[in-house]
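See below for work-v9.tsv, which holds TSV, C-alpha atoms.
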```
chain	number	residue	atom	x	y	z
I	1	MET	CA	-17.52	-71.61	48.22
I	2	THR	CA	-20.88	-73.14	48.99
I	3	THR	CA	-21.53	-73.43	52.67
I	4	GLY	CA	-24.62	-75.60	52.66
I	5	ARG	CA	-28.05	-75.07	54.16
I	6	TYR	CA	-27.09	-75.02	57.85
I	7	HIS	CA	-25.28	-72.31	59.77
I	8	PRO	CA	-23.49	-72.11	63.11
I	9	GLY	CA	-26.03	-72.20	65.93
I	10	ASP	CA	-28.71	-74.07	63.94
I	11	ARG	CA	-30.41	-76.88	65.84
I	12	VAL	CA	-30.38	-80.13	63.90
I	13	ARG	CA	-31.40	-83.73	64.37
I	14	VAL	CA	-29.39	-86.63	62.99
I	15	ARG	CA	-31.54	-88.91	60.84
I	16	ASP	CA	-32.61	-92.03	62.69
I	17	ALA	CA	-31.95	-94.25	59.71
I	18	TYR	CA	-30.03	-97.48	59.26
I	19	PRO	CA	-29.34	-97.96	55.56
I	20	PRO	CA	-26.93	-100.71	54.53
I	21	GLY	CA	-23.51	-99.83	53.15
I	22	HIS	CA	-20.57	-97.65	54.12
I	23	VAL	CA	-21.96	-94.91	56.36
I	24	ARG	CA	-19.82	-92.47	58.37
I	25	THR	CA	-22.55	-91.34	60.76
I	26	PRO	CA	-21.99	-93.17	64.06
I	27	TYR	CA	-24.92	-95.25	65.30
I	28	PHE	CA	-24.83	-93.73	68.75
I	29	VAL	CA	-25.76	-90.27	67.54
I	30	ARG	CA	-28.56	-91.16	65.14
I	31	GLY	CA	-31.87	-89.65	66.19
I	32	HIS	CA	-30.17	-87.16	68.54
I	33	GLN	CA	-30.30	-83.38	68.47
I	34	GLY	CA	-27.31	-81.11	68.39
I	35	GLU	CA	-26.13	-77.71	67.29
I	36	VAL	CA	-24.15	-76.88	64.16
I	37	GLN	CA	-20.80	-75.54	65.27
I	38	GLU	CA	-19.30	-74.86	61.88
I	39	TYR	CA	-19.25	-75.75	58.22
I	40	ALA	CA	-16.15	-77.88	57.59
I	41	GLY	CA	-16.01	-77.91	53.81
I	42	SER	CA	-17.68	-80.02	51.12
I	43	PHE	CA	-16.44	-83.49	50.28
I	44	PRO	CA	-17.26	-86.35	47.92
I	45	ASN	CA	-19.96	-88.56	49.42
I	46	PRO	CA	-18.13	-91.42	51.19
I	47	GLU	CA	-21.18	-93.64	50.81
I	48	GLU	CA	-20.61	-93.46	47.04
I	49	LEU	CA	-16.81	-93.45	47.10
I	50	ALA	CA	-16.88	-96.76	48.96
I	51	TYR	CA	-18.36	-98.41	45.89
I	52	GLY	CA	-15.90	-96.97	43.40
I	53	ARG	CA	-18.10	-94.09	42.24
I	54	ASP	CA	-16.96	-90.46	42.14
I	55	GLY	CA	-19.00	-89.21	45.09
I	56	LYS	CA	-20.22	-86.13	43.18
I	57	PRO	CA	-21.82	-83.80	43.89
I	58	GLU	CA	-19.78	-83.01	46.97
I	59	ILE	CA	-21.72	-82.83	50.20
I	60	PRO	CA	-21.36	-80.14	52.88
I	61	LEU	CA	-19.84	-81.46	56.09
I	62	TYR	CA	-20.57	-79.90	59.47
I	63	ARG	CA	-19.06	-80.15	62.90
I	64	VAL	CA	-22.10	-80.76	65.05
I	65	CYS	CA	-21.93	-80.39	68.82
I	66	PHE	CA	-24.04	-82.57	71.13
I	67	ARG	CA	-24.43	-82.51	74.88
I	68	GLN	CA	-23.12	-85.79	76.24
I	69	SER	CA	-26.11	-86.01	78.57
I	70	ASP	CA	-28.42	-85.82	75.53
I	71	VAL	CA	-26.56	-88.60	73.74
I	72	TRP	CA	-26.03	-91.09	76.57
I	73	ASP	CA	-28.54	-92.14	79.20
I	74	GLY	CA	-26.89	-91.82	82.58
I	75	TYR	CA	-23.81	-89.98	81.31
I	76	LYS	CA	-21.39	-89.67	84.22
I	77	GLY	CA	-19.99	-86.18	84.08
I	78	PRO	CA	-20.97	-82.53	84.16
I	79	THR	CA	-23.85	-81.51	81.90
I	80	ALA	CA	-21.51	-79.06	80.15
I	81	ASP	CA	-19.53	-81.96	78.60
I	82	THR	CA	-19.95	-82.23	74.86
I	83	ILE	CA	-19.08	-84.32	71.84
I	84	VAL	CA	-18.44	-82.85	68.40
I	85	ILE	CA	-19.01	-85.13	65.42
I	86	ASP	CA	-18.42	-84.55	61.70
I	87	ILE	CA	-21.72	-85.17	59.91
I	88	TYR	CA	-22.63	-84.81	56.24
I	89	GLU	CA	-25.60	-82.63	55.35
I	90	HIS	CA	-27.83	-85.42	54.06
I	91	TRP	CA	-27.77	-86.96	57.54
I	92	LEU	CA	-29.16	-83.82	59.20
I	93	GLU	CA	-32.71	-82.52	59.56
I	94	PRO	CA	-33.67	-79.05	60.81
I	95	VAL	CA	-35.22	-78.76	64.28
I	96	GLN	CA	-37.75	-75.99	64.72
P	97	MET	CA	26.50	-117.33	66.76
P	98	SER	CA	28.95	-118.95	69.10
P	99	HIS	CA	28.45	-122.45	67.75
P	100	ASP	CA	27.06	-124.15	64.66
P	101	HIS	CA	24.11	-126.45	64.56
P	102	ASN	CA	24.29	-129.29	62.19
P	103	HIS	CA	20.75	-129.32	60.86
P	104	GLU	CA	21.48	-132.30	58.64
P	105	HIS	CA	21.35	-134.56	61.66
P	106	GLY	CA	17.77	-133.58	62.25
P	107	HIS	CA	18.06	-133.49	66.00
P	108	ASP	CA	15.49	-131.53	67.88
P	109	HIS	CA	17.10	-128.43	69.34
P	110	ASP	CA	14.00	-126.80	70.82
P	111	ASP	CA	15.62	-127.05	74.20
P	112	ASP	CA	18.74	-125.36	72.89
P	113	HIS	CA	17.74	-121.67	72.90
P	114	PRO	CA	14.56	-119.71	72.30
P	115	TYR	CA	14.36	-118.00	68.97
P	116	GLN	CA	12.64	-114.81	67.93
P	117	PRO	CA	9.83	-115.65	65.48
P	118	ASP	CA	9.99	-113.97	62.08
P	119	ILE	CA	7.03	-111.95	60.80
P	120	GLU	CA	6.16	-114.81	58.48
P	121	ASP	CA	5.86	-117.20	61.41
P	122	PHE	CA	2.55	-115.64	62.39
P	123	PRO	CA	-0.50	-116.67	60.40
P	124	PHE	CA	-1.40	-114.23	57.63
P	125	THR	CA	-4.86	-112.79	58.07
P	126	GLU	CA	-7.15	-112.37	55.13
P	127	ARG	CA	-6.64	-108.61	55.28
P	128	MET	CA	-2.86	-108.93	55.23
P	129	LEU	CA	-3.09	-111.08	52.13
P	130	MET	CA	-5.56	-108.65	50.58
P	131	THR	CA	-3.24	-105.69	51.27
P	132	GLN	CA	-0.33	-107.54	49.72
P	133	ALA	CA	-2.40	-108.54	46.70
P	134	VAL	CA	-3.68	-104.99	46.12
P	135	ALA	CA	-0.16	-103.56	46.48
P	136	GLU	CA	1.17	-106.02	43.91
P	137	LEU	CA	-1.71	-105.34	41.54
P	138	ILE	CA	-1.41	-101.54	41.57
P	139	VAL	CA	2.27	-101.86	40.78
P	140	GLU	CA	1.66	-104.51	38.11
P	141	LYS	CA	-1.00	-102.37	36.45
P	142	GLY	CA	1.34	-99.37	36.46
P	143	ILE	CA	-0.90	-97.18	38.67
P	144	VAL	CA	2.06	-96.43	40.92
P	145	THR	CA	5.59	-97.73	40.72
P	146	ALA	CA	7.16	-99.87	43.43
P	147	ASP	CA	9.47	-96.95	44.18
P	148	GLU	CA	6.53	-94.52	44.61
P	149	LEU	CA	4.87	-96.98	46.95
P	150	ARG	CA	8.06	-97.36	48.94
P	151	ARG	CA	8.58	-93.58	49.07
P	152	GLN	CA	5.05	-93.01	50.38
P	153	ILE	CA	5.60	-95.56	53.16
P	154	GLU	CA	8.94	-93.96	53.93
P	155	LEU	CA	7.28	-90.53	54.06
P	156	MET	CA	4.60	-91.75	56.47
P	157	ASP	CA	7.20	-93.44	58.66
P	158	SER	CA	9.26	-90.23	58.76
P	159	ARG	CA	6.40	-88.35	60.43
P	160	GLU	CA	6.68	-88.08	64.18
P	161	PRO	CA	5.27	-86.05	67.08
P	162	GLY	CA	8.18	-83.61	66.96
P	163	LEU	CA	6.58	-81.96	63.93
P	164	GLY	CA	3.32	-81.31	65.75
P	165	ALA	CA	5.25	-80.18	68.83
P	166	LYS	CA	7.11	-77.61	66.77
P	167	LEU	CA	3.84	-76.23	65.45
P	168	VAL	CA	2.21	-76.11	68.90
P	169	ALA	CA	5.26	-74.45	70.47
P	170	ARG	CA	5.07	-71.72	67.84
P	171	THR	CA	1.40	-71.10	68.73
P	172	TRP	CA	2.47	-70.61	72.36
P	173	VAL	CA	4.90	-67.81	71.56
P	174	ASP	CA	3.10	-66.16	68.65
P	175	PRO	CA	-0.63	-65.39	69.06
P	176	SER	CA	-1.03	-64.39	65.42
P	177	TYR	CA	0.48	-67.73	64.38
P	178	LYS	CA	-2.00	-69.47	66.68
P	179	GLU	CA	-4.86	-67.69	64.89
P	180	ARG	CA	-3.52	-68.89	61.56
P	181	VAL	CA	-3.26	-72.46	62.88
P	182	LEU	CA	-6.83	-72.35	64.14
P	183	ASN	CA	-7.99	-71.04	60.75
P	184	ASP	CA	-5.97	-73.33	58.52
P	185	VAL	CA	-3.45	-75.85	59.80
P	186	GLY	CA	-2.20	-76.69	56.31
P	187	SER	CA	-0.97	-73.22	55.37
P	188	ALA	CA	0.30	-72.51	58.91
P	189	ALA	CA	2.29	-75.76	58.90
P	190	ALA	CA	3.72	-74.89	55.47
P	191	GLU	CA	5.04	-71.62	56.97
P	192	ILE	CA	7.35	-73.66	59.19
P	193	GLY	CA	8.27	-76.11	56.44
P	194	ILE	CA	5.81	-78.92	57.20
P	195	ASP	CA	3.74	-80.35	54.35
P	196	ILE	CA	0.57	-81.94	55.72
P	197	GLY	CA	-0.56	-83.40	52.39
P	198	ASP	CA	-4.11	-83.46	51.08
P	199	ILE	CA	-6.16	-84.44	54.11
P	200	PRO	CA	-7.36	-81.37	56.03
P	201	ILE	CA	-6.35	-81.14	59.68
P	202	LYS	CA	-8.23	-79.02	62.17
P	203	ALA	CA	-6.61	-77.66	65.33
P	204	ILE	CA	-8.63	-77.44	68.50
P	205	GLU	CA	-7.41	-75.40	71.39
P	206	ASN	CA	-7.46	-76.36	75.04
P	207	THR	CA	-8.30	-73.49	77.37
P	208	ASP	CA	-8.90	-73.20	81.10
P	209	LYS	CA	-12.58	-73.88	80.33
P	210	VAL	CA	-12.38	-76.71	77.77
P	211	HIS	CA	-10.27	-79.85	77.52
P	212	ASN	CA	-10.39	-81.54	74.10
P	213	VAL	CA	-9.77	-85.20	73.32
P	214	VAL	CA	-9.80	-86.89	69.91
P	215	VAL	CA	-11.09	-90.29	68.91
P	216	CYS	CA	-12.17	-91.95	65.70
P	217	THR	CA	-14.98	-94.32	66.62
P	218	LEU	CA	-15.31	-95.76	63.13
P	219	CYS	CA	-11.68	-96.57	62.39
P	220	SER	CA	-8.41	-94.85	63.32
P	221	CYS	CA	-8.31	-91.44	61.61
P	222	TYR	CA	-5.35	-89.58	63.03
P	223	PRO	CA	-3.27	-86.51	62.01
P	224	ARG	CA	-0.41	-88.72	60.79
P	225	MET	CA	1.32	-86.04	58.76
P	226	LEU	CA	1.85	-84.00	61.93
P	227	ILE	CA	2.39	-86.62	64.64
P	228	GLY	CA	3.18	-89.90	62.89
P	229	LEU	CA	1.45	-93.25	63.11
P	230	PRO	CA	-1.17	-93.76	65.82
P	231	PRO	CA	-0.33	-95.85	68.88
P	232	ASP	CA	-2.06	-99.23	69.15
P	233	TRP	CA	-4.36	-98.05	71.93
P	234	TYR	CA	-5.77	-95.33	69.66
P	235	LYS	CA	-6.93	-98.05	67.26
P	236	SER	CA	-8.27	-100.35	69.96
P	237	ARG	CA	-11.99	-101.00	70.25
P	238	ALA	CA	-11.85	-100.12	73.94
P	239	TYR	CA	-10.48	-96.61	73.33
P	240	ARG	CA	-12.77	-96.00	70.37
P	241	SER	CA	-15.95	-97.11	72.07
P	242	ARG	CA	-15.28	-95.79	75.58
P	243	THR	CA	-13.83	-92.35	74.83
P	244	VAL	CA	-17.10	-91.09	73.39
P	245	LYS	CA	-19.16	-92.52	76.22
P	246	GLU	CA	-17.09	-92.10	79.37
P	247	PRO	CA	-14.27	-89.73	78.42
P	248	ARG	CA	-13.49	-88.66	81.97
P	249	LYS	CA	-12.98	-92.26	83.06
P	250	VAL	CA	-10.74	-92.97	80.08
P	251	LEU	CA	-8.73	-89.81	80.83
P	252	GLU	CA	-8.37	-90.88	84.48
P	253	GLU	CA	-6.96	-94.21	83.28
P	254	PHE	CA	-4.36	-92.22	81.34
P	255	GLY	CA	-3.56	-90.41	84.58
P	256	THR	CA	-5.36	-87.25	83.51
P	257	HIS	CA	-7.80	-85.63	85.91
P	258	ILE	CA	-9.98	-82.90	84.44
P	259	PRO	CA	-11.83	-80.90	87.11
P	260	ASP	CA	-15.63	-80.84	86.83
P	261	GLU	CA	-15.67	-77.11	86.11
P	262	VAL	CA	-13.73	-77.73	82.91
P	263	GLU	CA	-15.81	-79.00	79.99
P	264	VAL	CA	-14.56	-82.20	78.40
P	265	ARG	CA	-15.17	-82.02	74.66
P	266	VAL	CA	-14.71	-85.17	72.62
P	267	HIS	CA	-14.08	-84.90	68.88
P	268	ASP	CA	-15.09	-87.91	66.83
P	269	SER	CA	-13.23	-87.70	63.52
P	270	THR	CA	-15.55	-89.85	61.49
P	271	ALA	CA	-15.31	-88.11	58.15
P	272	ASP	CA	-12.86	-86.02	56.13
P	273	LEU	CA	-11.07	-84.04	58.86
P	274	ARG	CA	-8.26	-85.00	61.20
P	275	TYR	CA	-7.77	-83.30	64.54
P	276	ILE	CA	-4.81	-82.08	66.52
P	277	VAL	CA	-5.24	-80.70	70.03
P	278	LEU	CA	-3.29	-77.59	70.96
P	279	PRO	CA	-2.50	-78.25	74.62
P	280	SER	CA	-2.26	-75.28	76.98
P	281	ARG	CA	1.11	-73.80	77.77
P	282	PRO	CA	2.11	-74.86	81.28
P	283	ALA	CA	2.81	-72.31	83.98
P	284	GLY	CA	6.45	-71.76	84.84
P	285	THR	CA	7.65	-71.63	81.24
P	286	GLU	CA	7.87	-67.86	80.91
P	287	GLY	CA	10.76	-66.83	78.72
P	288	TRP	CA	11.37	-70.31	77.30
P	289	ASP	CA	12.29	-70.52	73.65
P	290	GLU	CA	10.30	-72.57	71.14
P	291	GLU	CA	12.65	-75.51	71.13
P	292	LYS	CA	12.57	-75.86	74.89
P	293	LEU	CA	8.79	-75.46	74.91
P	294	ALA	CA	8.43	-78.15	72.22
P	295	SER	CA	10.07	-80.64	74.58
P	296	LEU	CA	6.97	-80.39	76.80
P	297	ILE	CA	4.56	-81.24	73.98
P	298	THR	CA	4.07	-84.98	73.58
P	299	ARG	CA	2.11	-87.10	71.16
P	300	ASP	CA	-0.51	-87.89	73.80
P	301	SER	CA	-1.01	-84.22	74.65
P	302	MET	CA	-1.83	-83.56	70.98
P	303	VAL	CA	-4.39	-86.39	71.00
P	304	GLY	CA	-5.75	-84.91	74.21
P	305	VAL	CA	-5.41	-87.88	76.56
P	306	THR	CA	-3.06	-85.78	78.65
P	307	THR	CA	-1.81	-82.21	78.97
P	308	ALA	CA	1.58	-80.76	78.11
P	309	LYS	CA	4.33	-81.80	80.50
P	310	SER	CA	4.93	-79.60	83.46
P	311	PRO	CA	8.37	-77.93	83.41
P	312	ASP	CA	9.38	-79.44	86.75
P	313	VAL	CA	8.89	-83.07	85.69
P	314	SER	CA	10.26	-82.91	82.16
```
Could you write out this file's structure as structure tokens?
Amino acid sequence: MTTGRYHPGDRVRVRDAYPPGHVRTPYFVRGHQGEVQEYAGSFPNPEELAYGRDGKPEIPLYRVCFRQSDVWDGYKGPTADTIVIDIYEHWLEPVQ
Amino acid sequence: MSHDHNHEHGHDHDDDHPYQPDIEDFPFTERMLMTQAVAELIVEKGIVTADELRRQIELMDSREPGLGAKLVARTWVDPSYKERVLNDVGSAAAEIGIDIGDIPIKAIENTDKVHNVVVCTLCSCYPRMLIGLPPDWYKSRAYRSRTVKEPRKVLEEFGTHIPDEVEVRVHDSTADLRYIVLPSRPAGTEGWDEEKLASLITRDSMVGVTTAKSPDVS
């Protein structure tokens, strides 16, 4: 099984892009940095499926963990609080 | 009916008794009409039969939180089973006779250091095959938008206080996975069998807006 280009522990940034269409990457996390927690399998691209195409090739999906205080200005809660979001590989960029 | 109305006389009997409106008495939304039209078309075109459509709805409606509770209770008494659930919910559920279908479900475990809560900000993704249809609040805009942003406040509104030393971890199921929380086994349940333990595991505890019931209040 292919596991994609990212591995657990890799720092990644979510693309800060706003293309039209059916996109599964939530707005609130675009442009933010997180850490790859795990590879969650590869799936047909939902942005293609939404328009009746086959979504091939399948795209690796990752569970990416973000610190709440990095995502939200003025987050009310301990800095250890996190949010884990499922993000497809083409929405992620490596962070050096 | 204790008495007959003679509708032919056309008298207004609004003051007679209130009546329960039928489903059709509410205006159809565009989406309701669209759903109906698509359902009719896929049957008409022979993609699925009316009976297959009915059976699928019946299957979905037969799913209920007791299935998830059975799975969680087993993880409480059998650590190797818990490992299998954490690795692959589908095959672990099949071991106890539950078919979760084609959509992968991921189990996330509460510990004394982490409390997990699930939301789908984009729509209403939910582990239906294990716990049935989602409650209305799960689909509401308020739950979906606030749980990611102020989870502790939302949890407090559900009556759930998570101490600051415990990390709150929100899972936004925006893509191809569904999530079920494995709540922690409450203290005071030593020696309980699986069936009795399952009675402490509610729908809401598997979404993560609360914990498993305590044995003294159940």
Point-to-point distance from CA of Gly4 in chain I to CA of Val264 in chain P, Å rounded to tenths: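 Rounded to one decimal, the two atoms are 28.4 Å apart.
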Using all atoms listed in the file for the distances, tell me which of P:Trp233, P:Tyr275, P:Trp172, P:Trp288 is nearest to Ile204 in chain P.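 Using all atoms listed in the file, the shortest distance to Ile204 in chain P belongs to P:Tyr275.
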Taking only C-alpha atoms into account, what are the residues of chain P at most 8 Å from chain I, put as a JSON list (two decimals) with C-alpha atoms, keeping the file's coordinate frame?
```
[["chain", "number", "residue", "atom", "x", "y", "z"],
["P", 217, "THR", "CA", -14.98, -94.32, 66.62],
["P", 218, "LEU", "CA", -15.31, -95.76, 63.13],
["P", 244, "VAL", "CA", -17.10, -91.09, 73.39],
["P", 245, "LYS", "CA", -19.16, -92.52, 76.22],
["P", 246, "GLU", "CA", -17.09, -92.10, 79.37],
["P", 248, "ARG", "CA", -13.49, -88.66, 81.97],
["P", 260, "ASP", "CA", -15.63, -80.84, 86.83],
["P", 261, "GLU", "CA", -15.67, -77.11, 86.11],
["P", 263, "GLU", "CA", -15.81, -79.00, 79.99],
["P", 264, "VAL", "CA", -14.56, -82.20, 78.40],
["P", 265, "ARG", "CA", -15.17, -82.02, 74.66],
["P", 266, "VAL", "CA", -14.71, -85.17, 72.62],
["P", 267, "HIS", "CA", -14.08, -84.90, 68.88],
["P", 268, "ASP", "CA", -15.09, -87.91, 66.83],
["P", 269, "SER", "CA", -13.23, -87.70, 63.52],
["P", 270, "THR", "CA", -15.55, -89.85, 61.49],
["P", 271, "ALA", "CA", -15.31, -88.11, 58.15],
["P", 272, "ASP", "CA", -12.86, -86.02, 56.13],
["P", 273, "LEU", "CA", -11.07, -84.04, 58.86]]
```
CA of Arg299 in chain P to CA of Ile227 in chain P, distance in Å rounded to a single decimal: 6.5 Å
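Counting from CA of Thr285 in chain P, the distance to CA of Ala308 in chain P is 11.4 Å.
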Considering all atoms listed in the file, return as an MDAnalysis selection string whatever protein or nucleic-acid residues lie within 10 Å of range 221-223 of chain P, sequence-local ones (same chain, fewer than 4 positions apart) excluded. chainID P and resid 159 161 164 196 199:202 214:217 227:231 234:235 268:276 302:303
Using all atoms listed in the file, the best pick from P:Val168, P:Glu136, P:Ser158, P:Tyr239 as closest to Glu253 in chain P would be P:Tyr239
Dump as a ChimeraX atom specification all residues having an atom at most 6 Å from (-31.3, -75.3, 62.4), computed in the file's coordinates with only C-alpha atoms. /I:10-12,94-95
I'd like the box whose edges run along x, y and z of the file and which contains every listed atom of range 55-74 of chain I, padded by 4 Å per side; could you state its centre and edge lengths in Å, one decimal, as JSON?
```
{"center_x": -23.8, "center_y": -86.0, "center_z": 62.9, "size_x": 17.5, "size_y": 20.2, "size_z": 47.4}
```
Rank I:Gly52, I:Gly31, I:Pro60, I:Gly74 by their smallest atom-to-atom distance to Val14 in chain I, using only C-alpha atoms, and report the top residue only. I:Gly31
Within 10 Å of (3.6, -71.4, 85.8), only C-alpha atoms: residues as a list in words? Arg281, Pro282, Ala283, Gly284, Thr285, Glu286, Ser310, Pro311 and Asp312 of chain P
Let me make sure I understand: among P:Thr125, P:Asp300, P:Val134, P:Leu155, which one has the smallest atom-to-atom distance to Gly255 in chain P if we use only C-alpha atoms?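 Closest residue, counting only C-alpha atoms: P:Asp300.
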Write out as a PyMOL selection string which residues come within 8 Å of Pro8 in chain I when counting all atoms listed in the file, dropping same-chain ones fewer than 2 positions away. chain I and resi 6+10+35-39
Given all atoms listed in the file as the counted atoms, nearest of P:Val210, P:Val305, P:Ile297, P:Val139 to Phe254 in chain P: P:Val305
Which of these residues is nearest to Leu49 in chain I, using only C-alpha atoms: I:Glu93, I:Arg30, I:Arg13, I:Gly21?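 The closest residue to Leu49 in chain I is I:Gly21.
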Supply range 14-35 of chain I as a PDB file, keeping the file's coordinate frame, with N, CA and C atoms built in where the input has gaps.
```pdb
ATOM      1  N   VAL I  14     -30.021 -85.658  63.884  1.00  0.00           N
ATOM      2  CA  VAL I  14     -29.390 -86.630  62.990  1.00  0.00           C
ATOM      3  C   VAL I  14     -30.460 -87.637  62.586  1.00  0.00           C
ATOM      4  N   ARG I  15     -30.537 -87.949  61.316  1.00  0.00           N
ATOM      5  CA  ARG I  15     -31.540 -88.910  60.840  1.00  0.00           C
ATOM      6  C   ARG I  15     -31.417 -90.223  61.599  1.00  0.00           C
ATOM      7  N   ASP I  16     -32.577 -90.755  61.964  1.00  0.00           N
ATOM      8  CA  ASP I  16     -32.610 -92.030  62.690  1.00  0.00           C
ATOM      9  C   ASP I  16     -32.821 -93.127  61.653  1.00  0.00           C
ATOM     10  N   ALA I  17     -31.812 -93.316  60.817  1.00  0.00           N
ATOM     11  CA  ALA I  17     -31.950 -94.250  59.710  1.00  0.00           C
ATOM     12  C   ALA I  17     -30.797 -95.242  59.735  1.00  0.00           C
ATOM     13  N   TYR I  18     -31.046 -96.419  59.209  1.00  0.00           N
ATOM     14  CA  TYR I  18     -30.030 -97.480  59.260  1.00  0.00           C
ATOM     15  C   TYR I  18     -29.875 -98.150  57.894  1.00  0.00           C
ATOM     16  N   PRO I  19     -29.500 -97.358  56.887  1.00  0.00           N
ATOM     17  CA  PRO I  19     -29.340 -97.960  55.560  1.00  0.00           C
ATOM     18  C   PRO I  19     -28.113 -98.867  55.533  1.00  0.00           C
ATOM     19  N   PRO I  20     -28.119 -99.862  54.642  1.00  0.00           N
ATOM     20  CA  PRO I  20     -26.930-100.710  54.530  1.00  0.00           C
ATOM     21  C   PRO I  20     -25.813 -99.936  53.830  1.00  0.00           C
ATOM     22  N   GLY I  21     -24.609-100.452  53.890  1.00  0.00           N
ATOM     23  CA  GLY I  21     -23.510 -99.830  53.150  1.00  0.00           C
ATOM     24  C   GLY I  21     -22.523 -99.125  54.053  1.00  0.00           C
ATOM     25  N   HIS I  22     -21.659 -98.331  53.412  1.00  0.00           N
ATOM     26  CA  HIS I  22     -20.570 -97.650  54.120  1.00  0.00           C
ATOM     27  C   HIS I  22     -21.055 -96.275  54.562  1.00  0.00           C
ATOM     28  N   VAL I  23     -21.388 -96.152  55.842  1.00  0.00           N
ATOM     29  CA  VAL I  23     -21.960 -94.910  56.360  1.00  0.00           C
ATOM     30  C   VAL I  23     -21.045 -94.360  57.455  1.00  0.00           C
ATOM     31  N   ARG I  24     -20.740 -93.072  57.401  1.00  0.00           N
ATOM     32  CA  ARG I  24     -19.820 -92.470  58.370  1.00  0.00           C
ATOM     33  C   ARG I  24     -20.515 -91.862  59.589  1.00  0.00           C
ATOM     34  N   THR I  25     -21.826 -91.917  59.617  1.00  0.00           N
ATOM     35  CA  THR I  25     -22.550 -91.340  60.760  1.00  0.00           C
ATOM     36  C   THR I  25     -22.633 -92.382  61.864  1.00  0.00           C
ATOM     37  N   PRO I  26     -21.995 -92.128  63.020  1.00  0.00           N
ATOM     38  CA  PRO I  26     -21.990 -93.170  64.060  1.00  0.00           C
ATOM     39  C   PRO I  26     -23.415 -93.520  64.520  1.00  0.00           C
ATOM     40  N   TYR I  27     -23.616 -94.783  64.806  1.00  0.00           N
ATOM     41  CA  TYR I  27     -24.920 -95.250  65.300  1.00  0.00           C
ATOM     42  C   TYR I  27     -25.371 -94.479  66.526  1.00  0.00           C
ATOM     43  N   PHE I  28     -24.414 -94.244  67.442  1.00  0.00           N
ATOM     44  CA  PHE I  28     -24.830 -93.730  68.750  1.00  0.00           C
ATOM     45  C   PHE I  28     -25.436 -92.336  68.695  1.00  0.00           C
ATOM     46  N   VAL I  29     -25.270 -91.646  67.589  1.00  0.00           N
ATOM     47  CA  VAL I  29     -25.760 -90.270  67.540  1.00  0.00           C
ATOM     48  C   VAL I  29     -27.009 -90.140  66.649  1.00  0.00           C
ATOM     49  N   ARG I  30     -27.391 -91.242  66.019  1.00  0.00           N
ATOM     50  CA  ARG I  30     -28.560 -91.160  65.140  1.00  0.00           C
ATOM     51  C   ARG I  30     -29.816 -90.916  65.975  1.00  0.00           C
ATOM     52  N   GLY I  31     -30.643 -90.000  65.479  1.00  0.00           N
ATOM     53  CA  GLY I  31     -31.870 -89.650  66.190  1.00  0.00           C
ATOM     54  C   GLY I  31     -31.671 -88.577  67.249  1.00  0.00           C
ATOM     55  N   HIS I  32     -30.425 -88.154  67.492  1.00  0.00           N
ATOM     56  CA  HIS I  32     -30.170 -87.160  68.540  1.00  0.00           C
ATOM     57  C   HIS I  32     -30.067 -85.749  67.979  1.00  0.00           C
ATOM     58  N   GLN I  33     -30.351 -84.791  68.861  1.00  0.00           N
ATOM     59  CA  GLN I  33     -30.300 -83.380  68.470  1.00  0.00           C
ATOM     60  C   GLN I  33     -28.999 -82.731  68.905  1.00  0.00           C
ATOM     61  N   GLY I  34     -28.515 -81.866  68.053  1.00  0.00           N
ATOM     62  CA  GLY I  34     -27.310 -81.110  68.390  1.00  0.00           C
ATOM     63  C   GLY I  34     -27.348 -79.745  67.748  1.00  0.00           C
ATOM     64  N   GLU I  35     -26.208 -79.061  67.823  1.00  0.00           N
ATOM     65  CA  GLU I  35     -26.130 -77.710  67.290  1.00  0.00           C
ATOM     66  C   GLU I  35     -24.960 -77.632  66.310  1.00  0.00           C
TER      67      GLU I  35
END
```
